[in-house]
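S.K.: Got target.cif for you, mmCIF, N, CA and C atoms:
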data_entry
loop_
_atom_site.label_atom_id
_atom_site.label_comp_id
_atom_site.auth_asym_id
_atom_site.auth_seq_id
_atom_site.Cartn_x
_atom_site.Cartn_y
_atom_site.Cartn_z
N MET A 1324 -24.66 -13.24 0.16
CA MET A 1324 -24.93 -12.80 1.50
C MET A 1324 -25.87 -11.60 1.46
N ALA A 1325 -26.94 -11.66 2.20
CA ALA A 1325 -27.94 -10.59 2.20
C ALA A 1325 -27.50 -9.43 3.07
N ILE A 1326 -27.83 -8.23 2.61
CA ILE A 1326 -27.52 -7.02 3.37
C ILE A 1326 -28.60 -6.85 4.43
N PRO A 1327 -28.19 -6.63 5.69
CA PRO A 1327 -29.21 -6.43 6.75
C PRO A 1327 -30.10 -5.24 6.43
N ILE A 1328 -31.36 -5.37 6.81
CA ILE A 1328 -32.34 -4.32 6.53
C ILE A 1328 -31.94 -3.00 7.18
N ARG A 1329 -31.25 -3.07 8.32
CA ARG A 1329 -30.80 -1.85 9.00
C ARG A 1329 -29.90 -1.03 8.09
N ASN A 1330 -29.00 -1.70 7.38
CA ASN A 1330 -28.11 -0.99 6.46
C ASN A 1330 -28.89 -0.38 5.30
N THR A 1331 -29.86 -1.11 4.80
CA THR A 1331 -30.67 -0.60 3.70
C THR A 1331 -31.45 0.64 4.13
N VAL A 1332 -32.03 0.59 5.32
CA VAL A 1332 -32.79 1.73 5.83
C VAL A 1332 -31.86 2.93 6.00
N TYR A 1333 -30.69 2.72 6.57
CA TYR A 1333 -29.74 3.82 6.76
C TYR A 1333 -29.30 4.41 5.43
N ASP A 1334 -29.05 3.56 4.44
CA ASP A 1334 -28.65 4.05 3.12
C ASP A 1334 -29.74 4.92 2.49
N LYS A 1335 -30.99 4.52 2.65
CA LYS A 1335 -32.10 5.31 2.10
C LYS A 1335 -32.19 6.68 2.79
N ILE A 1336 -31.99 6.70 4.10
CA ILE A 1336 -32.04 7.96 4.83
C ILE A 1336 -30.87 8.85 4.41
N LYS A 1337 -29.70 8.24 4.26
CA LYS A 1337 -28.51 9.01 3.88
C LYS A 1337 -28.65 9.59 2.47
N GLU A 1338 -29.26 8.86 1.56
CA GLU A 1338 -29.46 9.34 0.19
C GLU A 1338 -30.28 10.63 0.17
N VAL A 1339 -31.35 10.65 0.95
CA VAL A 1339 -32.27 11.79 0.95
C VAL A 1339 -31.79 12.90 1.88
N GLY A 1340 -31.18 12.54 2.98
CA GLY A 1340 -30.73 13.53 3.96
C GLY A 1340 -31.70 13.66 5.10
N SER A 1341 -32.93 14.04 4.79
CA SER A 1341 -33.97 14.07 5.82
C SER A 1341 -35.32 13.83 5.16
N LEU A 1342 -36.17 13.12 5.88
CA LEU A 1342 -37.50 12.79 5.40
C LEU A 1342 -38.36 12.41 6.59
N THR A 1343 -39.64 12.19 6.35
CA THR A 1343 -40.53 11.76 7.42
C THR A 1343 -40.56 10.24 7.47
N ASP A 1344 -41.01 9.71 8.60
CA ASP A 1344 -41.10 8.26 8.73
C ASP A 1344 -42.11 7.67 7.75
N ILE A 1345 -43.13 8.42 7.42
CA ILE A 1345 -44.14 7.96 6.47
C ILE A 1345 -43.52 7.83 5.08
N ASP A 1346 -42.75 8.84 4.67
CA ASP A 1346 -42.08 8.80 3.37
C ASP A 1346 -41.08 7.64 3.30
N LEU A 1347 -40.33 7.45 4.37
CA LEU A 1347 -39.36 6.36 4.41
C LEU A 1347 -40.06 5.01 4.29
N TYR A 1348 -41.15 4.84 4.99
CA TYR A 1348 -41.90 3.58 4.94
C TYR A 1348 -42.43 3.34 3.52
N LYS A 1349 -42.90 4.41 2.86
CA LYS A 1349 -43.38 4.28 1.47
C LYS A 1349 -42.25 3.89 0.53
N ILE A 1350 -41.06 4.49 0.72
CA ILE A 1350 -39.91 4.15 -0.13
C ILE A 1350 -39.54 2.68 0.05
N LEU A 1351 -39.49 2.23 1.29
CA LEU A 1351 -39.13 0.84 1.56
C LEU A 1351 -40.17 -0.13 0.99
N THR A 1352 -41.44 0.20 1.13
CA THR A 1352 -42.50 -0.64 0.59
C THR A 1352 -42.43 -0.70 -0.93
N LYS A 1353 -42.16 0.43 -1.55
CA LYS A 1353 -42.05 0.52 -3.01
C LYS A 1353 -40.92 -0.38 -3.53
N GLU A 1354 -39.84 -0.49 -2.75
CA GLU A 1354 -38.70 -1.30 -3.16
C GLU A 1354 -38.81 -2.76 -2.72
N GLY A 1355 -39.94 -3.12 -2.13
CA GLY A 1355 -40.18 -4.52 -1.81
C GLY A 1355 -39.86 -4.93 -0.40
N TYR A 1356 -39.55 -3.99 0.48
CA TYR A 1356 -39.29 -4.31 1.88
C TYR A 1356 -40.54 -4.02 2.69
N THR A 1357 -41.22 -5.08 3.11
CA THR A 1357 -42.41 -4.90 3.93
C THR A 1357 -42.04 -5.22 5.37
N LEU A 1358 -42.22 -4.23 6.22
CA LEU A 1358 -41.87 -4.36 7.63
C LEU A 1358 -43.10 -4.08 8.48
N PRO A 1359 -43.29 -4.87 9.53
CA PRO A 1359 -44.33 -4.50 10.49
C PRO A 1359 -43.93 -3.20 11.18
N GLU A 1360 -44.91 -2.47 11.68
CA GLU A 1360 -44.64 -1.16 12.28
C GLU A 1360 -43.70 -1.26 13.47
N ASP A 1361 -43.85 -2.30 14.29
CA ASP A 1361 -42.98 -2.42 15.46
C ASP A 1361 -41.53 -2.68 15.07
N LYS A 1362 -41.30 -3.47 14.02
CA LYS A 1362 -39.92 -3.71 13.57
C LYS A 1362 -39.33 -2.44 12.94
N PHE A 1363 -40.15 -1.70 12.22
CA PHE A 1363 -39.72 -0.44 11.62
C PHE A 1363 -39.28 0.55 12.71
N ASN A 1364 -40.10 0.66 13.77
CA ASN A 1364 -39.76 1.54 14.88
C ASN A 1364 -38.49 1.08 15.59
N LYS A 1365 -38.31 -0.23 15.73
CA LYS A 1365 -37.11 -0.78 16.37
C LYS A 1365 -35.87 -0.45 15.54
N LEU A 1366 -35.98 -0.55 14.22
CA LEU A 1366 -34.85 -0.20 13.35
C LEU A 1366 -34.46 1.27 13.51
N LEU A 1367 -35.47 2.14 13.55
CA LEU A 1367 -35.19 3.56 13.73
C LEU A 1367 -34.54 3.82 15.08
N LEU A 1368 -35.02 3.15 16.11
CA LEU A 1368 -34.46 3.31 17.44
C LEU A 1368 -33.01 2.82 17.48
N ASP A 1369 -32.75 1.66 16.87
CA ASP A 1369 -31.38 1.13 16.82
C ASP A 1369 -30.43 2.08 16.11
N LEU A 1370 -30.87 2.63 14.99
CA LEU A 1370 -30.02 3.56 14.24
C LEU A 1370 -29.78 4.85 15.03
N GLU A 1371 -30.80 5.27 15.79
CA GLU A 1371 -30.63 6.48 16.60
C GLU A 1371 -29.68 6.21 17.77
N ILE A 1372 -29.78 5.05 18.39
CA ILE A 1372 -28.88 4.70 19.48
C ILE A 1372 -27.44 4.61 18.99
N LEU A 1373 -27.25 4.09 17.79
CA LEU A 1373 -25.91 4.00 17.22
C LEU A 1373 -25.36 5.36 16.81
N GLY A 1374 -26.19 6.39 16.84
CA GLY A 1374 -25.74 7.74 16.50
C GLY A 1374 -25.69 8.00 15.01
N LEU A 1375 -26.41 7.20 14.23
CA LEU A 1375 -26.38 7.36 12.78
C LEU A 1375 -27.47 8.27 12.26
N ILE A 1376 -28.60 8.33 12.99
CA ILE A 1376 -29.71 9.19 12.58
C ILE A 1376 -30.22 9.97 13.78
N LYS A 1377 -31.04 10.96 13.48
CA LYS A 1377 -31.71 11.75 14.51
C LYS A 1377 -33.19 11.74 14.20
N VAL A 1378 -34.01 11.39 15.18
CA VAL A 1378 -35.46 11.32 14.98
C VAL A 1378 -36.12 12.34 15.90
N ALA A 1379 -37.02 13.14 15.34
CA ALA A 1379 -37.75 14.14 16.11
C ALA A 1379 -39.21 14.12 15.69
N TRP A 1380 -40.08 14.31 16.65
CA TRP A 1380 -41.50 14.34 16.36
C TRP A 1380 -41.90 15.66 15.72
N ILE A 1381 -42.64 15.59 14.61
CA ILE A 1381 -43.18 16.78 13.95
C ILE A 1381 -44.61 17.01 14.44
N THR A 1382 -45.41 15.97 14.31
CA THR A 1382 -46.79 16.01 14.80
C THR A 1382 -46.99 14.77 15.67
N LYS A 1383 -48.21 14.58 16.11
CA LYS A 1383 -48.51 13.43 16.97
C LYS A 1383 -48.23 12.11 16.27
N ASP A 1384 -48.43 12.06 14.96
CA ASP A 1384 -48.29 10.80 14.22
C ASP A 1384 -47.15 10.80 13.22
N GLU A 1385 -46.35 11.82 13.17
CA GLU A 1385 -45.31 11.92 12.14
C GLU A 1385 -43.98 12.34 12.75
N ARG A 1386 -42.91 11.65 12.29
CA ARG A 1386 -41.57 11.94 12.78
C ARG A 1386 -40.66 12.37 11.64
N ARG A 1387 -39.71 13.24 11.95
CA ARG A 1387 -38.70 13.67 10.99
C ARG A 1387 -37.43 12.88 11.27
N ILE A 1388 -36.88 12.31 10.21
CA ILE A 1388 -35.67 11.50 10.34
C ILE A 1388 -34.57 12.16 9.53
N GLU A 1389 -33.42 12.37 10.17
CA GLU A 1389 -32.28 13.01 9.51
C GLU A 1389 -31.05 12.14 9.69
N ALA A 1390 -30.24 12.08 8.64
CA ALA A 1390 -28.96 11.40 8.74
C ALA A 1390 -28.03 12.28 9.55
N PHE A 1391 -27.33 11.69 10.50
CA PHE A 1391 -26.43 12.43 11.37
C PHE A 1391 -25.01 12.22 10.86
N VAL A 1392 -24.41 13.30 10.34
CA VAL A 1392 -23.07 13.21 9.78
C VAL A 1392 -22.11 14.01 10.65
N VAL A 1393 -21.08 13.34 11.12
CA VAL A 1393 -20.08 14.01 11.95
C VAL A 1393 -18.88 14.31 11.07
N GLU A 1394 -18.56 15.59 11.00
CA GLU A 1394 -17.40 15.99 10.20
C GLU A 1394 -16.20 16.08 11.13
N LYS A 1395 -15.15 15.39 10.75
CA LYS A 1395 -13.95 15.38 11.58
C LYS A 1395 -13.15 16.66 11.34
N GLU A 1396 -12.84 17.34 12.43
CA GLU A 1396 -12.06 18.57 12.32
C GLU A 1396 -10.59 18.21 12.15
N VAL A 1397 -9.90 18.95 11.31
CA VAL A 1397 -8.49 18.73 11.07
C VAL A 1397 -7.70 19.68 11.97
N ASP A 1398 -6.88 19.09 12.83
CA ASP A 1398 -6.04 19.89 13.72
C ASP A 1398 -4.71 20.09 13.03
N GLU A 1399 -4.41 21.34 12.67
CA GLU A 1399 -3.20 21.63 11.91
C GLU A 1399 -1.93 21.29 12.69
N ILE A 1400 -1.92 21.56 13.97
CA ILE A 1400 -0.74 21.28 14.79
C ILE A 1400 -0.51 19.78 14.86
N GLU A 1401 -1.57 19.02 15.06
CA GLU A 1401 -1.44 17.56 15.11
C GLU A 1401 -0.95 17.01 13.77
N GLU A 1402 -1.43 17.59 12.69
CA GLU A 1402 -1.00 17.17 11.36
C GLU A 1402 0.49 17.47 11.16
N GLN A 1403 0.96 18.64 11.61
CA GLN A 1403 2.37 18.98 11.50
C GLN A 1403 3.23 18.06 12.36
N ASN A 1404 2.75 17.75 13.57
CA ASN A 1404 3.48 16.83 14.44
C ASN A 1404 3.62 15.45 13.79
N GLN A 1405 2.55 14.98 13.15
CA GLN A 1405 2.58 13.68 12.48
C GLN A 1405 3.61 13.68 11.35
N GLU A 1406 3.64 14.76 10.57
CA GLU A 1406 4.61 14.86 9.47
C GLU A 1406 6.04 14.86 10.00
N MET A 1407 6.28 15.59 11.09
CA MET A 1407 7.62 15.64 11.68
C MET A 1407 8.04 14.27 12.21
N MET A 1408 7.11 13.55 12.82
CA MET A 1408 7.43 12.21 13.34
C MET A 1408 7.78 11.27 12.20
N GLU A 1409 7.06 11.39 11.08
CA GLU A 1409 7.36 10.55 9.92
C GLU A 1409 8.74 10.88 9.35
N LYS A 1410 9.08 12.17 9.26
CA LYS A 1410 10.39 12.58 8.76
C LYS A 1410 11.49 12.10 9.70
N ASP A 1411 11.29 12.24 10.99
CA ASP A 1411 12.28 11.78 11.97
C ASP A 1411 12.48 10.27 11.88
N TYR A 1412 11.38 9.55 11.69
CA TYR A 1412 11.47 8.10 11.57
C TYR A 1412 12.28 7.71 10.34
N GLU A 1413 12.01 8.35 9.22
CA GLU A 1413 12.73 8.06 7.99
C GLU A 1413 14.22 8.44 8.12
N ALA A 1414 14.49 9.53 8.84
CA ALA A 1414 15.86 9.97 9.01
C ALA A 1414 16.63 9.06 9.99
N SER A 1415 15.94 8.24 10.74
CA SER A 1415 16.61 7.38 11.71
C SER A 1415 17.29 6.17 11.07
N PHE A 1416 17.10 6.00 9.77
CA PHE A 1416 17.75 4.90 9.05
C PHE A 1416 18.88 5.48 8.21
N PRO A 1417 20.10 5.50 8.73
CA PRO A 1417 21.21 6.08 7.96
C PRO A 1417 21.57 5.20 6.77
N GLY A 1418 21.98 5.82 5.73
CA GLY A 1418 22.45 5.09 4.55
C GLY A 1418 21.34 4.71 3.57
N LEU A 1419 20.12 4.88 3.93
CA LEU A 1419 19.01 4.57 3.02
C LEU A 1419 18.52 5.86 2.39
N GLU A 1420 18.64 5.93 1.09
CA GLU A 1420 18.17 7.11 0.39
C GLU A 1420 17.15 6.69 -0.65
N LYS A 1421 16.30 7.59 -0.97
CA LYS A 1421 15.26 7.28 -1.96
C LYS A 1421 15.78 7.46 -3.34
#
Would you write out, as structure tokens, the structure that this file holds?
M.R.:
Amino acid sequence: MAIPIRNTVYDKIKEVGSLTDIDLYKILTKEGYTLPEDKFNKLLLDLEILGLIKVAWITKDERRIEAFVVEKEVDEIEEQNQEMMEKDYEASFPGLEK
């Protein structure tokens, strides 16, 4: 089963972190992926709509592409509540010991 080109493009962006659209196109061409410019732009737009990348114009003809990584914040109170619920659940079975 072939990997969709969208996944390949996203993986390349994620590897580097941030690069220009020209550099990305060169990397893809070097690895054997030849895309027409309109399909390349559509892929970038799709990835941006999905919230996976961020695209910003640097100059009139060049764009900066960055992988968008969302770090999940750990809520300590929620984590403690989850642990208490698990302990209460385990304690609700009398006679079962580990």
S.K.: Report as a ChimeraX atom specification all protein, DNA and RNA residues lying within 8 Å of Glu1338 in chain A, evaluated on all atoms listed in the file, omitting residues in the same chain fewer than 5 positions from it.
M.R.: /A:1332-1333,1390
S.K.: What's the separation between CA of Pro1327 in chain A and atom N of Arg1387 in chain A, in Å to one decimal place?
M.R.: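 Computing it gives 22.9 Å between the two atoms.
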S.K.: Can you work out which one of A:Ile1388, A:Ile1400, A:Ile1328, A:Leu1367 has the shortest atom-to-atom distance to Gly1340 in chain A, counting only C-alpha atoms?
M.R.: A:Ile1388
S.K.: Select from chain A everything DSSP, run on the backbone, classes as helix (DSSP H, G or I), then give the selection as a PyMOL selection string.
M.R.: chain A and resi 1328-1339+1344-1353+1360-1372+1399-1414
S.K.: One decimal, Å: what's the distance from CA of Glu1389 in chain A over to CA of Ile1376 in chain A, could you say?
M.R.: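 Separation of CA of Glu1389 in chain A and CA of Ile1376 in chain A: 5.5 Å.
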S.K.: How many Å lie between CA of Leu1342 in chain A and CA of Asn1330 in chain A, rounded to one decimal?
M.R.: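 Answer for the CA of Leu1342 in chain A to CA of Asn1330 in chain A separation: 16.7 Å.
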S.K.: Would you mind telling me which residue in A:Thr1382, A:Phe1391, A:Val1397, A:Glu1354 lies nearest to Ile1336 in chain A when using all atoms listed in the file?
M.R.: A:Phe1391
S.K.: Which residues, protein or nucleic acid, reach to within 12 Å of (-48.0, 8.8, 15.5) in the file's coordinates when using only C-alpha atoms, and can you give that as a list in words?
M.R.: Thr1343, Asp1344, Ile1345, Glu1360, Asn1364, Ala1379, Trp1380, Ile1381, Thr1382, Lys1383, Asp1384, Glu1385, Arg1386 and Arg1387 of chain A
